[in-house]
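Before any comments, here is the structure.
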Amino acid sequence: MTWLGADVDRLHSFGLALERLHDELVPLSSVDPRVARALHLVDTDLDRVRRTWHQLSYGRMAAVEFDAWGADGAAWWTERFVASSTTADSILRRVIDNSAEQSFADRIRADVALLHGVSDFAVVADFWTRATDPNTVPVDIAGARIRRLLDAIVIHRADRSIFTTLAGHQAAVEQRDRDIDQLLALVIAPWSLHFTALAHEWDWTPQEGLHRLHEMLAIPVVASAVAAGLPAAVDRALTDLPADEFARRRRVDEVAAGSGATIDAVGAAVLGRSTTPLDRLDDLVGLVPWGSWVSGVAAGTTAATIVNRLDHRTRDERSVAGRAVAQRSTLATVAMTAVANDAVKHGRIGTSARQVNNDLAHELDRTRVAFDSAADRGGSFVQSGGTSPL
Amino acid sequence: MLARLAALIAHELPTARRWSGPDTWRGPLADQVDDDLHVVAHLLYDAVDELRRLELTLDIDPR
């Protein structure tokens with residue numbers, strides 16, 4: 001569904017046409033059981049169209065109301081600290097009660113007021129995670145919303161000069177910033193590949209995506225969530241692959257490169273924060289589900305040989321590096337499983353049992369190789385600032 | 001009844017289908033309604049055929 005303003009009017013006309021059909025069918029429904037069944041179908045659809053129209057128009061009007069409240073930054077910032085429940089709480093609650101979150105999410109522009117002006121942040125977090133849920137929200141729509149969310153947060157954090165906070169409320173402001181960090185982690189983690197190799201699906205240049213990823217990974221809780229969510233992101237990105245063989249290969253290569261670049265970026269962010277070499281290794285292994293980044297980021301050699309190079313180090317250090325190597329194949333396994341599932345689902349099974357096995361085996365092997373070399377591809381991608389071909 | 005049903009098939013049904021068609025609207029809701037209206041069209045055409053057959057039978061044998 002597109003959530004453009006004009007669609008509300010088109011949906012209204014759509015509803016009127018269905019209503020006329022419905023009204024004409026009512027007196028005829030006793031003529032024949034087929035007509036009665038047709039009336040039942042039209043009745044159900046009319047109800048769907050009316051409900052959707054209500055949700056769209058309610059969200060649109062609520063966004064206008066919210067933006068008017070959020071336009072005066074000094075006023076709503078004060079209201080937040082003097083009232084136990086703000087106007088923003090009331091509007092957002094009504095939006096949720098009317099199932100109007102989707103159109104509201106697309107229409108509001110006072111994002112900072114939504115993040116900081118609502119007293120109950122759990123409601124805001126739930127609203128944003130549902131508005132960007134990769135299982136229900138289309139890629140382009142989620143991308144537009146997340147880009148807007150990041151802009152609002154970055155701009156607000158860079159300049160708070162119009163927001164005056166009394167000393168007694170400083171702790172509440174800091175708590176809200178930590179809550180927003182947690183929200184960013186929840187929202188970004190499922191979409192981390194769209195900050196690198198899949199940035200074009202969000203109309204971002206790779207440089208823009210990478211810049212935004214680095215910006216967000218500076219927040220430790222975001223780095224942890226991005227690393228932990230990478231296998232699920234890879235699995236999702238390799239679901240419903242193109243039917244065309246070359247397009248399919250390109251998709252696998254893109255996702256492999258994106259995962260490598262994401263791991264490199266997470267690694268670089270964590271390295272910058274850790275104090276000792278052992279901390280760095282332990283932090284990285286704990287965070288990243290796949291240890292091959294160690295080759296480029298930590299030791300300048302391949303993950304398989306880092307254990308040998310650590311022979312002169314302590315048992316703890318060798319144990320950490322060993323875990324990194326053991327986890328190396330996690331993403332490749334996830335990717336191969338996703339490709340195999342897709343092949344079965346879309347019937348890419350060839351014309352004979354032998355061909356089935358050979359074709360699929362070749363495709364899976366190619367996927368494994370793509371992900372095995374993903375750290376190098378990701379490293380090149382990051383080092384070139386997103387300009388190198390994937 | 002038959003004339004009203006035939007008129008409905010000729011006017012209201014195509015209008016509703018035009019709104020749910022891909023040139024006007026897209027998305028899961030339109031797809032669902034479009035599929036349903038396709039079924040509705042079949043049901044109504046079948047009903048009209050049946051009514052016409054009955055009418056013909058009645059013309060031949062008024063009993």
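Residue numbering restarts at 1 for every chain of the structure tokens, chains are lettered A, B, ... in their displayed order, and ligands are numbered from 1 as they appear.
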Find the residues in chain A near chain B: any atom within 6 Å counts, using only C-alpha atoms. Write them as a PyMOL selection string. chain A and resi 1+14+17-18+21+34+38+45
Expressed in Å to a single decimal, how great is the separation between atom CA of His38 of chain B and atom CA of Leu46 of chain A?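 Pair atom CA of His38 of chain B / atom CA of Leu46 of chain A returns 15.0 Å.
In this model, the gap between atom CA of Ser119 of chain A and atom CA of Asp159 of chain A comes to 21.7 Å.
Here atom CA of Asp35 of chain B stands at a distance of 15.6 Å from atom CA of Asp47 of chain A.
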Chain B: which residues are helix (DSSP H, G or I) by DSSP, as a PyMOL selection string? chain B and resi 2-10+12-20+28-60
What does the file look like for those residues with N, CA and C atoms, as a compact mmCIF listing (two decimals), in the first residue's frame?
# COMPACT_ATOMS: atom_id res chain seq x y z
N LEU B 2 -33.89 -10.12 -13.34
CA LEU B 2 -32.83 -10.43 -14.31
C LEU B 2 -32.30 -9.14 -14.95
N ALA B 3 -33.22 -8.24 -15.29
CA ALA B 3 -32.80 -6.98 -15.92
C ALA B 3 -31.95 -6.14 -14.96
N ARG B 4 -32.34 -6.14 -13.67
CA ARG B 4 -31.58 -5.36 -12.68
C ARG B 4 -30.19 -5.95 -12.50
N LEU B 5 -30.13 -7.27 -12.47
CA LEU B 5 -28.83 -7.94 -12.30
C LEU B 5 -27.93 -7.68 -13.51
N ALA B 6 -28.54 -7.74 -14.70
CA ALA B 6 -27.77 -7.49 -15.94
C ALA B 6 -27.26 -6.04 -15.96
N ALA B 7 -28.11 -5.11 -15.50
CA ALA B 7 -27.69 -3.70 -15.47
C ALA B 7 -26.55 -3.50 -14.48
N LEU B 8 -26.64 -4.19 -13.37
CA LEU B 8 -25.58 -4.11 -12.34
C LEU B 8 -24.23 -4.61 -12.90
N ILE B 9 -24.33 -5.72 -13.65
CA ILE B 9 -23.10 -6.28 -14.26
C ILE B 9 -22.53 -5.30 -15.29
N ALA B 10 -23.42 -4.60 -15.96
CA ALA B 10 -22.97 -3.68 -17.03
C ALA B 10 -22.42 -2.37 -16.48
N GLU B 12 -22.34 -0.98 -12.42
CA GLU B 12 -21.69 -0.85 -11.11
C GLU B 12 -20.45 -1.74 -10.97
N LEU B 13 -20.56 -2.97 -11.50
CA LEU B 13 -19.42 -3.88 -11.34
C LEU B 13 -18.16 -3.37 -12.07
N PRO B 14 -18.26 -2.96 -13.35
CA PRO B 14 -17.04 -2.44 -14.01
C PRO B 14 -16.47 -1.19 -13.34
N THR B 15 -17.36 -0.34 -12.80
CA THR B 15 -16.87 0.87 -12.11
C THR B 15 -16.03 0.48 -10.90
N ALA B 16 -16.56 -0.45 -10.10
CA ALA B 16 -15.82 -0.89 -8.90
C ALA B 16 -14.51 -1.56 -9.31
N ARG B 17 -14.54 -2.35 -10.36
CA ARG B 17 -13.32 -3.06 -10.79
C ARG B 17 -12.28 -2.09 -11.32
N ARG B 18 -12.74 -1.01 -11.94
CA ARG B 18 -11.79 -0.02 -12.45
C ARG B 18 -10.99 0.59 -11.29
N TRP B 19 -11.69 0.83 -10.17
CA TRP B 19 -11.00 1.44 -9.02
C TRP B 19 -9.99 0.49 -8.38
N SER B 20 -10.28 -0.81 -8.44
CA SER B 20 -9.35 -1.75 -7.80
C SER B 20 -8.27 -2.22 -8.76
N PRO B 28 -1.79 -4.44 -1.20
CA PRO B 28 -2.50 -5.65 -0.78
C PRO B 28 -4.02 -5.48 -0.73
N LEU B 29 -4.47 -4.30 -0.30
CA LEU B 29 -5.92 -4.10 -0.22
C LEU B 29 -6.55 -4.16 -1.60
N ALA B 30 -5.97 -3.42 -2.56
CA ALA B 30 -6.51 -3.41 -3.92
C ALA B 30 -6.42 -4.81 -4.54
N ASP B 31 -5.34 -5.51 -4.29
CA ASP B 31 -5.19 -6.88 -4.83
C ASP B 31 -6.30 -7.78 -4.29
N GLN B 32 -6.54 -7.67 -2.98
CA GLN B 32 -7.57 -8.50 -2.36
C GLN B 32 -8.95 -8.19 -2.97
N VAL B 33 -9.27 -6.89 -3.05
CA VAL B 33 -10.58 -6.50 -3.58
C VAL B 33 -10.69 -6.90 -5.06
N ASP B 34 -9.60 -6.71 -5.80
CA ASP B 34 -9.61 -7.07 -7.22
C ASP B 34 -9.89 -8.57 -7.40
N ASP B 35 -9.22 -9.38 -6.58
CA ASP B 35 -9.45 -10.84 -6.64
C ASP B 35 -10.90 -11.15 -6.30
N ASP B 36 -11.39 -10.50 -5.26
CA ASP B 36 -12.78 -10.76 -4.84
C ASP B 36 -13.77 -10.35 -5.93
N LEU B 37 -13.53 -9.20 -6.56
CA LEU B 37 -14.47 -8.72 -7.59
C LEU B 37 -14.42 -9.62 -8.82
N HIS B 38 -13.26 -10.23 -9.05
CA HIS B 38 -13.17 -11.22 -10.13
C HIS B 38 -14.12 -12.39 -9.84
N VAL B 39 -14.10 -12.85 -8.60
CA VAL B 39 -14.99 -13.95 -8.19
C VAL B 39 -16.45 -13.48 -8.27
N VAL B 40 -16.70 -12.25 -7.80
CA VAL B 40 -18.06 -11.68 -7.83
C VAL B 40 -18.58 -11.68 -9.27
N ALA B 41 -17.75 -11.27 -10.21
CA ALA B 41 -18.16 -11.22 -11.62
C ALA B 41 -18.57 -12.61 -12.10
N HIS B 42 -17.77 -13.62 -11.76
CA HIS B 42 -18.11 -14.99 -12.17
C HIS B 42 -19.43 -15.43 -11.57
N LEU B 43 -19.59 -15.15 -10.28
CA LEU B 43 -20.83 -15.56 -9.60
C LEU B 43 -22.04 -14.90 -10.25
N LEU B 44 -21.92 -13.60 -10.54
CA LEU B 44 -23.07 -12.88 -11.11
C LEU B 44 -23.37 -13.35 -12.54
N TYR B 45 -22.32 -13.56 -13.33
CA TYR B 45 -22.54 -14.06 -14.70
C TYR B 45 -23.24 -15.43 -14.65
N ASP B 46 -22.77 -16.29 -13.74
CA ASP B 46 -23.39 -17.61 -13.61
C ASP B 46 -24.85 -17.47 -13.20
N ALA B 47 -25.10 -16.57 -12.26
CA ALA B 47 -26.48 -16.37 -11.79
C ALA B 47 -27.37 -15.88 -12.92
N VAL B 48 -26.84 -14.95 -13.73
CA VAL B 48 -27.63 -14.43 -14.85
C VAL B 48 -27.91 -15.54 -15.86
N ASP B 49 -26.89 -16.33 -16.15
CA ASP B 49 -27.09 -17.46 -17.09
C ASP B 49 -28.19 -18.38 -16.59
N GLU B 50 -28.10 -18.69 -15.30
CA GLU B 50 -29.08 -19.59 -14.70
C GLU B 50 -30.49 -19.00 -14.80
N LEU B 51 -30.59 -17.71 -14.48
CA LEU B 51 -31.91 -17.05 -14.53
C LEU B 51 -32.46 -17.03 -15.96
N ARG B 52 -31.55 -16.82 -16.92
CA ARG B 52 -32.00 -16.80 -18.33
C ARG B 52 -32.51 -18.18 -18.76
N ARG B 53 -31.77 -19.22 -18.29
CA ARG B 53 -32.19 -20.59 -18.63
C ARG B 53 -33.57 -20.87 -18.04
N LEU B 54 -33.75 -20.44 -16.79
CA LEU B 54 -35.04 -20.65 -16.13
C LEU B 54 -36.16 -19.91 -16.88
N GLU B 55 -35.84 -18.68 -17.28
CA GLU B 55 -36.82 -17.86 -17.99
C GLU B 55 -37.22 -18.54 -19.31
N LEU B 56 -36.18 -19.07 -19.99
CA LEU B 56 -36.42 -19.76 -21.26
C LEU B 56 -37.31 -20.97 -21.04
N THR B 57 -37.00 -21.72 -19.97
CA THR B 57 -37.78 -22.90 -19.65
C THR B 57 -39.23 -22.51 -19.39
N LEU B 58 -39.38 -21.42 -18.65
CA LEU B 58 -40.74 -20.97 -18.34
C LEU B 58 -41.48 -20.54 -19.60
N ASP B 59 -40.76 -19.93 -20.57
CA ASP B 59 -41.38 -19.52 -21.84
C ASP B 59 -41.88 -20.73 -22.60
N ILE B 60 -41.05 -21.80 -22.56
CA ILE B 60 -41.42 -22.99 -23.32
C ILE B 60 -42.55 -23.74 -22.63
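Residues within 12 Å of Arg60 of chain A, counting only C-alpha atoms and excluding same-chain residues fewer than 6 positions away, are Trp3, Leu4, Gly5, Ala6, Asp7, Val8, Asp9, Trp53, His54, Phe66, Asp67, Ile91, Val95, Asn98, Ala100, Glu101, Gln102, Ser103, Phe104, Ala105, Asp106, Arg107, Ile108 and Arg109 of chain A.
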How would the residues just picked look written out with C-alpha atoms as a compact mmCIF listing (two decimals), in the first residue's frame?
# COMPACT_ATOMS: atom_id res chain seq x y z
CA TRP A 3 0.52 5.96 1.89
CA LEU A 4 0.48 9.13 -0.17
CA GLY A 5 -2.00 11.81 0.74
CA ALA A 6 -3.74 11.57 -2.63
CA ASP A 7 -4.47 7.91 -1.93
CA VAL A 8 -6.95 8.87 0.77
CA ASP A 9 -9.09 10.57 -1.88
CA TRP A 53 -9.80 4.86 4.65
CA HIS A 54 -10.50 5.68 8.31
CA PHE A 66 0.89 16.67 16.20
CA ASP A 67 3.04 18.87 13.97
CA ILE A 91 -2.37 12.16 20.24
CA VAL A 95 -3.44 7.15 16.73
CA ASN A 98 -7.45 3.94 15.69
CA ALA A 100 -3.57 4.75 12.21
CA GLU A 101 0.17 4.34 12.93
CA GLN A 102 1.21 3.70 9.32
CA SER A 103 -0.10 6.90 7.78
CA PHE A 104 0.82 8.89 10.91
CA ALA A 105 4.42 7.63 10.62
CA ASP A 106 4.63 8.90 7.05
CA ARG A 107 2.98 12.25 7.61
CA ILE A 108 4.49 13.63 10.81
CA ARG A 109 7.46 15.94 10.51
List the spatial neighbours of Trp76 of chain A as a PyMOL selection string - criterion: any atom at most 10 Å away, only C-alpha atoms, same-chain residues fewer than 5 positions off excluded. chain A and resi 69-71+81-82+86-88+113+116-118+163
Near segment 243-247 of chain A, counting only C-alpha atoms, which residues have an atom at most 9 Å away, once you skip same-chain residues fewer than 5 positions from it, shown as an MDAnalysis selection string? chainID A and resid 252 346 348
Please identify all polymer residues within 9 Å of Phe195 of chain A, counting only C-alpha atoms, omitting same-chain residues fewer than 4 positions from it, and present them as a ChimeraX atom specification. /A:191,199-200,202,204,206-213,258,262
